[in-house]
Amino acid sequence: MEKFVIHGGAPLSGTVIPAGNKNGALPILAAAVLTEDEVIVRNVPRIKDTGSMLAILEGMGVRVQWLNDHDVSLRADGLDDGCVQVDREHAERIRASFLLAGPLLARFGRAVMPPPGGDVIGRRRLDPHLDAFKALGATYVPGRDIDLRADGGLRAGDVFMDEPSVMATENALLAAARTPGTTVIGNAACEPHVQDLARMLVKMGADISGIGSNVMTVTGRADLHGCDHTIGPDHIEIGSFMALAGVTGGEMRIKDTYPDDLRMIRLAFERLGLHSDLDGDDVVVPGGQDLVVARDLGEHKIKVQDGPWPAFPADLTSIVLALATQCEGSVLIHEWMFENRMIFTDKLVLMGADIVLCDPHRAIVTGRSQLRGERVESPDIRAGMAMLIAALCADGTSEIGNIRQIDRGYERIDERLRELGARIERVATEPQPAIHA
Ligand SMILES: CC(=O)N[C@H]1[C@@H](OP(=O)(O)OP(=O)(O)OC[C@H]2O[C@@H](n3ccc(=O)[nH]c3=O)[C@H](O)[C@@H]2O)O[C@H](CO)[C@@H](O)[C@@H]1O
Ligand SMILES: C=C(OP(=O)(O)O)C(=O)O
């Protein structure tokens, strides 16, 4: 077990190269199962979640070979079509393990999936995934595992999501791309990572129109081929670094972003008083900003509310909340999608933040709090980053425990923060004795 020990107060300044998108890497790695050819995936973030996904793929019989630090070659030519086993321990660690259901069903007509893990931030439905598979002709056999069957193979169909679920859209895309015929996916999610996966599937031979919209038409084929694909930069990580620059007053340049993916993030941050500029594809956050929250017309309080793309991303609500603690004025943060993500705010309150949790979805943050160092535990990836943001601008020393949560989504975060001037150490902790009833 490890923890971070942080001495707050140093401005974070310098240049950051964003990692590849965590939530893009996971479905893109899963897509390698769709073909027996070699698939090369570049710009893979070296985080715990991609490590788990690669371990599951290797356990299934996929040959995995790193070409260098971030580029990996995958070849799924040795899979035993009679019984592809999905490693339970790794599958239960990450939500995205369920993204193997689509490729396995499409290729072998059977997928037996252990229940997936991931952040415990509210109820996480699998129903839209199952609805999509059923629309493509699969049946679901109830049991401990999620047992999906398509004897004789999937057939192209009309999929309409009951909500624009990110991973269900990705599963539908993965399955439809290898299913001959034309499938329409309606009320689809269109986050940057969904678009990135769709572009990769096009390289593999599928025909997909409507990428970036909420209706995609996929003409699939059984003989998808290999490809060489580079994962796009992680807009959630970029937003996290922008907030870190804002609260510590440093000047930061974030290189080679996709500016179109940052429009809503930059807009929301701007309303909290955090200005950023574009210099080509780089985002530049000027140093020493006086962060003052805007008011809506009529002097009403502003709100930041998440939603399906292109709305403000759910995974940045914890981060924007930490940023708001340092801005003059108050703001309503409405985390509309997950029921439990806001529960961690008590940790920021412990550090001195002025936050009223109105209900599980809404928090009013009144800013300019002088935070103080505390010992806190990270319940999930983004709450962990919010605590890092708070600790790095707090007075005194903080300790953040359960940092494997942060390592699930942020690559070498302590090293990269140190390069920007942060005083942060990764420290091994004594294993806790088991508690017996
Ligand atoms: C591995 C991966 O890619 N994980 C991401 C993926 O999870 P994931 O694909 O699991 O999330 P979903 O898009 O399915 O749903 C997120 C939550 O929002 C709710 N919901 C969604 C849409 C809607 O119109 N109404 C509604 O209430 C869902 O019921 C669920 O509680 O997308 C989430 C939403 O961007 C992100 O937080 C996760 O980081
Ligand atoms: C919620 C997240 O991840 P996951 O869906 O993998 O739990 C996240 O990336 O913030």
# chains A, B, ... in the order shown; residues from 1 in each chain; ligands from 1
>>> select_by_dssp(residues="segment 231-418 of chain A", states="strand (DSSP E or B)", output="number ranges by chain")
A: 233, 252-254, 277-279, 282-285, 292, 296, 300, 302-306, 312, 328, 330-334, 354-359, 362-366, 372, 375-377, 395, 397-401
>>> residues_around(residues="Thr345 of chain A", least_positions_apart="5", cutoff="9 Å", atoms="only C-alpha atoms", output="list in words")
Ser318, Leu321, Ala322, Leu350, Ala353, Ile355, Val356, Leu357, Ala363 and Ala383 of chain A
>>> closest_residue(among="A:Lys301, A:Lys255, A:Arg382, A:Arg423", to="Pro233 of chain A", atoms="only C-alpha atoms")
A:Lys255
>>> closest_residue(among="A:Ala10, A:Val120, A:Val84, A:Ala394", to="ligand 1", atoms="only C-alpha atoms and all ligand atoms")
A:Val120
>>> residues_around(residues="Asp277 of chain A", least_positions_apart="3", cutoff="12 Å", atoms="only C-alpha atoms", output="list of chain:residue names")
A:Met242, A:Glu251, A:Met252, A:Arg253, A:Ile254, A:Pro259, A:Leu262, A:Arg263, A:Arg266, A:Leu267, A:Phe269, A:Glu270, A:Leu274, A:Gly280, A:Asp281, A:Asp282, A:Val283, A:Val284, A:Val285, A:Pro286, A:Gly287
>>> residues_around(residues="Ser73 of chain A", least_positions_apart="3", cutoff="6 Å", atoms="only C-alpha atoms", output="list in words")
Val39, Ile40, Val64 and Gln65 of chain A
>>> residues_around(residues="segment 122-127 of chain A", least_positions_apart="5", cutoff="6 Å", atoms="only C-alpha atoms", output="list in words")
Phe338, Glu339 and Asn340 of chain A
>>> write_last_selection(atoms="N, CA and C atoms", output="mmCIF file, in the first residue's frame")
data_model
loop_
_atom_site.group_PDB
_atom_site.id
_atom_site.type_symbol
_atom_site.label_atom_id
_atom_site.label_comp_id
_atom_site.auth_asym_id
_atom_site.auth_seq_id
_atom_site.Cartn_x
_atom_site.Cartn_y
_atom_site.Cartn_z
ATOM 1 N N PHE A 338 -24.101 10.586 -11.666
ATOM 2 C CA PHE A 338 -23.808 9.552 -10.657
ATOM 3 C C PHE A 338 -24.319 9.990 -9.285
ATOM 4 N N GLU A 339 -24.905 9.052 -8.546
ATOM 5 C CA GLU A 339 -25.516 9.397 -7.246
ATOM 6 C C GLU A 339 -24.501 9.639 -6.139
ATOM 7 N N ASN A 340 -23.326 8.992 -6.211
ATOM 8 C CA ASN A 340 -22.434 9.022 -5.044
ATOM 9 C C ASN A 340 -21.130 9.783 -5.244
#
>>> residues_near_ligand(ligand="ligand 1", cutoff="6 Å", atoms="only C-alpha atoms and all ligand atoms", output="list in words")
Asn23, Arg95, Ala96, Arg123, Arg124, Arg125, Glu163, Pro164, Ser165, Val166, Met167, Pro308, Ala314, Asp315, Met337 and Phe338 of chain A
>>> write_last_selection(atoms="N, CA and C atoms", output="CSV table (one decimal), in the first residue's frame")
chain,number,residue,atom,x,y,z
A,23,ASN,N,-10.2,6.5,-21.0
A,23,ASN,CA,-11.4,5.9,-21.4
A,23,ASN,C,-11.5,5.7,-22.9
A,95,ARG,N,-14.1,-1.3,-14.6
A,95,ARG,CA,-15.4,-1.2,-15.2
A,95,ARG,C,-15.3,-1.6,-16.7
A,96,ALA,N,-14.2,-1.3,-17.3
A,96,ALA,CA,-14.1,-1.4,-18.7
A,96,ALA,C,-13.8,-2.9,-19.2
A,123,ARG,N,-25.0,3.8,-8.7
A,123,ARG,CA,-25.4,2.6,-9.4
A,123,ARG,C,-24.9,2.6,-10.8
A,124,ARG,N,-24.3,1.6,-11.3
A,124,ARG,CA,-23.8,1.6,-12.6
A,124,ARG,C,-24.5,0.5,-13.4
A,125,ARG,N,-25.4,0.9,-14.3
A,125,ARG,CA,-26.2,0.0,-15.0
A,125,ARG,C,-25.5,-0.8,-16.1
A,163,GLU,N,-30.5,5.4,-22.6
A,163,GLU,CA,-29.7,6.6,-22.2
A,163,GLU,C,-28.4,6.5,-23.0
A,164,PRO,N,-27.8,7.6,-23.3
A,164,PRO,CA,-26.6,7.6,-24.1
A,164,PRO,C,-25.4,7.2,-23.2
A,165,SER,N,-25.4,5.9,-22.9
A,165,SER,CA,-24.3,5.3,-22.1
A,165,SER,C,-23.0,5.2,-22.9
A,166,VAL,N,-21.9,5.6,-22.3
A,166,VAL,CA,-20.6,5.7,-23.1
A,166,VAL,C,-20.2,4.2,-23.4
A,167,MET,N,-20.1,3.4,-22.4
A,167,MET,CA,-19.5,2.1,-22.6
A,167,MET,C,-20.5,1.2,-23.4
A,308,PRO,N,-24.2,14.1,-20.8
A,308,PRO,CA,-23.6,13.5,-22.0
A,308,PRO,C,-23.0,14.5,-22.9
A,314,ALA,N,-18.8,14.4,-16.7
A,314,ALA,CA,-19.0,14.0,-15.4
A,314,ALA,C,-17.7,13.7,-14.6
A,315,ASP,N,-16.7,13.3,-15.3
A,315,ASP,CA,-15.4,12.9,-14.6
A,315,ASP,C,-14.6,14.2,-14.2
A,337,MET,N,-25.3,12.9,-13.1
A,337,MET,CA,-25.3,11.5,-13.6
A,337,MET,C,-25.1,10.4,-12.5
A,338,PHE,N,-24.1,10.6,-11.7
A,338,PHE,CA,-23.8,9.6,-10.7
A,338,PHE,C,-24.3,10.0,-9.3
>>> select_by_dssp(residues="segment 102-214 of chain A", states="helix (DSSP H, G or I)", output="PyMOL selection string")
chain A and resi 102-108+127-135+166-177+192-203
>>> residues_around(residues="Ile265 of chain A", least_positions_apart="5", cutoff="9 Å", atoms="only C-alpha atoms", output="number ranges by chain")
A: 235-236, 239, 270, 311-313, 316
>>> closest_residue(among="A:Gly9, A:Gly59, A:Gly181, A:Gly409", to="Leu136 of chain A", atoms="only C-alpha atoms")
A:Gly181
>>> residues_around(residues="Val293 of chain A", least_positions_apart="2", cutoff="10 Å", atoms="only C-alpha atoms", output="PyMOL selection string")
chain A and resi 269-274+290-291+295-296+301-302+324+326-331+366-367
>>> closest_residue(among="A:Ile231, A:Val33, A:Ile17, A:Ala386", to="ligand 2", atoms="only C-alpha atoms and all ligand atoms")
A:Ala386
>>> atom_distance(atom1="atom CA of Asp395 of chain A", atom2="atom CA of Gln289 of chain A")
18.9 Å
>>> closest_residue(among="A:Met342, A:Ile413, A:Leu29, A:Val349", to="Leu371 of chain A", atoms="only C-alpha atoms")
A:Val349
>>> decode(residues="segment 210-244 of chain A", atoms="N, CA and C atoms", output="PDB file, in the first residue's frame")
ATOM      1  N   GLY A 210     -21.791   9.098 -39.081  1.00  0.00           N
ATOM      2  CA  GLY A 210     -22.416   9.734 -37.911  1.00  0.00           C
ATOM      3  C   GLY A 210     -21.486   9.825 -36.710  1.00  0.00           C
ATOM      4  N   ILE A 211     -20.174   9.598 -36.922  1.00  0.00           N
ATOM      5  CA  ILE A 211     -19.231   9.680 -35.790  1.00  0.00           C
ATOM      6  C   ILE A 211     -19.266  11.106 -35.235  1.00  0.00           C
ATOM      7  N   GLY A 212     -19.441  11.218 -33.922  1.00  0.00           N
ATOM      8  CA  GLY A 212     -19.522  12.542 -33.291  1.00  0.00           C
ATOM      9  C   GLY A 212     -20.958  12.994 -33.100  1.00  0.00           C
ATOM     10  N   SER A 213     -21.910  12.208 -33.607  1.00  0.00           N
ATOM     11  CA  SER A 213     -23.326  12.558 -33.415  1.00  0.00           C
ATOM     12  C   SER A 213     -23.978  11.488 -32.544  1.00  0.00           C
ATOM     13  N   ASN A 214     -25.296  11.628 -32.300  1.00  0.00           N
ATOM     14  CA  ASN A 214     -25.947  10.621 -31.448  1.00  0.00           C
ATOM     15  C   ASN A 214     -26.668   9.539 -32.260  1.00  0.00           C
ATOM     16  N   VAL A 215     -26.402   9.502 -33.580  1.00  0.00           N
ATOM     17  CA  VAL A 215     -26.877   8.366 -34.388  1.00  0.00           C
ATOM     18  C   VAL A 215     -25.707   7.896 -35.256  1.00  0.00           C
ATOM     19  N   MET A 216     -25.305   6.656 -35.054  1.00  0.00           N
ATOM     20  CA  MET A 216     -24.227   6.119 -35.889  1.00  0.00           C
ATOM     21  C   MET A 216     -24.751   4.936 -36.697  1.00  0.00           C
ATOM     22  N   THR A 217     -24.371   4.891 -37.951  1.00  0.00           N
ATOM     23  CA  THR A 217     -24.752   3.776 -38.815  1.00  0.00           C
ATOM     24  C   THR A 217     -23.480   2.986 -39.116  1.00  0.00           C
ATOM     25  N   VAL A 218     -23.519   1.716 -38.749  1.00  0.00           N
ATOM     26  CA  VAL A 218     -22.317   0.878 -38.832  1.00  0.00           C
ATOM     27  C   VAL A 218     -22.568  -0.245 -39.833  1.00  0.00           C
ATOM     28  N   THR A 219     -21.748  -0.311 -40.870  1.00  0.00           N
ATOM     29  CA  THR A 219     -21.817  -1.476 -41.749  1.00  0.00           C
ATOM     30  C   THR A 219     -20.615  -2.351 -41.417  1.00  0.00           C
ATOM     31  N   GLY A 220     -20.926  -3.478 -40.806  1.00  0.00           N
ATOM     32  CA  GLY A 220     -19.860  -4.331 -40.290  1.00  0.00           C
ATOM     33  C   GLY A 220     -19.434  -5.391 -41.279  1.00  0.00           C
ATOM     34  N   ARG A 221     -18.344  -6.060 -40.967  1.00  0.00           N
ATOM     35  CA  ARG A 221     -17.868  -7.180 -41.786  1.00  0.00           C
ATOM     36  C   ARG A 221     -17.131  -8.172 -40.896  1.00  0.00           C
ATOM     37  N   ALA A 222     -17.227  -9.440 -41.283  1.00  0.00           N
ATOM     38  CA  ALA A 222     -16.625 -10.495 -40.456  1.00  0.00           C
ATOM     39  C   ALA A 222     -15.103 -10.506 -40.568  1.00  0.00           C
ATOM     40  N   ASP A 223     -14.580  -9.935 -41.679  1.00  0.00           N
ATOM     41  CA  ASP A 223     -13.123 -10.007 -41.886  1.00  0.00           C
ATOM     42  C   ASP A 223     -12.450  -8.663 -41.588  1.00  0.00           C
ATOM     43  N   LEU A 224     -12.683  -8.144 -40.405  1.00  0.00           N
ATOM     44  CA  LEU A 224     -11.957  -6.921 -40.010  1.00  0.00           C
ATOM     45  C   LEU A 224     -10.462  -7.225 -40.013  1.00  0.00           C
ATOM     46  N   HIS A 225      -9.667  -6.209 -40.323  1.00  0.00           N
ATOM     47  CA  HIS A 225      -8.218  -6.451 -40.374  1.00  0.00           C
ATOM     48  C   HIS A 225      -7.482  -5.602 -39.344  1.00  0.00           C
ATOM     49  N   GLY A 226      -6.178  -5.801 -39.252  1.00  0.00           N
ATOM     50  CA  GLY A 226      -5.377  -5.079 -38.269  1.00  0.00           C
ATOM     51  C   GLY A 226      -5.270  -3.601 -38.605  1.00  0.00           C
ATOM     52  N   CYS A 227      -4.732  -2.833 -37.695  1.00  0.00           N
ATOM     53  CA  CYS A 227      -4.540  -1.401 -37.954  1.00  0.00           C
ATOM     54  C   CYS A 227      -3.484  -0.846 -37.003  1.00  0.00           C
ATOM     55  N   ASP A 228      -3.134   0.401 -37.241  1.00  0.00           N
ATOM     56  CA  ASP A 228      -2.175   1.118 -36.398  1.00  0.00           C
ATOM     57  C   ASP A 228      -2.904   2.376 -35.957  1.00  0.00           C
ATOM     58  N   HIS A 229      -3.161   2.483 -34.649  1.00  0.00           N
ATOM     59  CA  HIS A 229      -4.005   3.585 -34.190  1.00  0.00           C
ATOM     60  C   HIS A 229      -3.370   4.303 -32.997  1.00  0.00           C
ATOM     61  N   THR A 230      -3.442   5.622 -33.018  1.00  0.00           N
ATOM     62  CA  THR A 230      -2.898   6.432 -31.922  1.00  0.00           C
ATOM     63  C   THR A 230      -4.046   7.031 -31.111  1.00  0.00           C
ATOM     64  N   ILE A 231      -4.033   6.751 -29.815  1.00  0.00           N
ATOM     65  CA  ILE A 231      -5.096   7.245 -28.914  1.00  0.00           C
ATOM     66  C   ILE A 231      -4.946   8.761 -28.717  1.00  0.00           C
ATOM     67  N   GLY A 232      -6.066   9.457 -28.704  1.00  0.00           N
ATOM     68  CA  GLY A 232      -6.052  10.916 -28.517  1.00  0.00           C
ATOM     69  C   GLY A 232      -5.728  11.303 -27.079  1.00  0.00           C
ATOM     70  N   PRO A 233      -5.382  12.595 -26.874  1.00  0.00           N
ATOM     71  CA  PRO A 233      -5.015  13.054 -25.525  1.00  0.00           C
ATOM     72  C   PRO A 233      -6.221  13.044 -24.587  1.00  0.00           C
ATOM     73  N   ASP A 234      -5.957  12.874 -23.297  1.00  0.00           N
ATOM     74  CA  ASP A 234      -7.020  12.719 -22.299  1.00  0.00           C
ATOM     75  C   ASP A 234      -7.528  14.090 -21.850  1.00  0.00           C
ATOM     76  N   HIS A 235      -8.735  14.443 -22.304  1.00  0.00           N
ATOM     77  CA  HIS A 235      -9.274  15.772 -21.961  1.00  0.00           C
ATOM     78  C   HIS A 235      -9.559  15.903 -20.467  1.00  0.00           C
ATOM     79  N   ILE A 236      -9.784  14.751 -19.789  1.00  0.00           N
ATOM     80  CA  ILE A 236     -10.038  14.824 -18.338  1.00  0.00           C
ATOM     81  C   ILE A 236      -8.723  15.135 -17.615  1.00  0.00           C
ATOM     82  N   GLU A 237      -7.648  14.510 -18.074  1.00  0.00           N
ATOM     83  CA  GLU A 237      -6.346  14.815 -17.467  1.00  0.00           C
ATOM     84  C   GLU A 237      -5.962  16.271 -17.745  1.00  0.00           C
ATOM     85  N   ILE A 238      -6.238  16.739 -18.955  1.00  0.00           N
ATOM     86  CA  ILE A 238      -5.904  18.130 -19.304  1.00  0.00           C
ATOM     87  C   ILE A 238      -6.663  19.090 -18.380  1.00  0.00           C
ATOM     88  N   GLY A 239      -7.965  18.822 -18.190  1.00  0.00           N
ATOM     89  CA  GLY A 239      -8.761  19.657 -17.275  1.00  0.00           C
ATOM     90  C   GLY A 239      -8.201  19.611 -15.862  1.00  0.00           C
ATOM     91  N   SER A 240      -7.710  18.457 -15.446  1.00  0.00           N
ATOM     92  CA  SER A 240      -7.150  18.326 -14.097  1.00  0.00           C
ATOM     93  C   SER A 240      -5.887  19.192 -13.959  1.00  0.00           C
ATOM     94  N   PHE A 241      -5.019  19.176 -14.972  1.00  0.00           N
ATOM     95  CA  PHE A 241      -3.808  20.011 -14.903  1.00  0.00           C
ATOM     96  C   PHE A 241      -4.150  21.501 -14.950  1.00  0.00           C
ATOM     97  N   MET A 242      -5.171  21.849 -15.726  1.00  0.00           N
ATOM     98  CA  MET A 242      -5.571  23.269 -15.768  1.00  0.00           C
ATOM     99  C   MET A 242      -5.998  23.733 -14.377  1.00  0.00           C
ATOM    100  N   ALA A 243      -6.776  22.890 -13.693  1.00  0.00           N
ATOM    101  CA  ALA A 243      -7.241  23.250 -12.349  1.00  0.00           C
ATOM    102  C   ALA A 243      -6.052  23.348 -11.386  1.00  0.00           C
ATOM    103  N   LEU A 244      -5.089  22.446 -11.530  1.00  0.00           N
ATOM    104  CA  LEU A 244      -3.900  22.482 -10.669  1.00  0.00           C
ATOM    105  C   LEU A 244      -3.125  23.791 -10.856  1.00  0.00           C
TER     106      LEU A 244
END
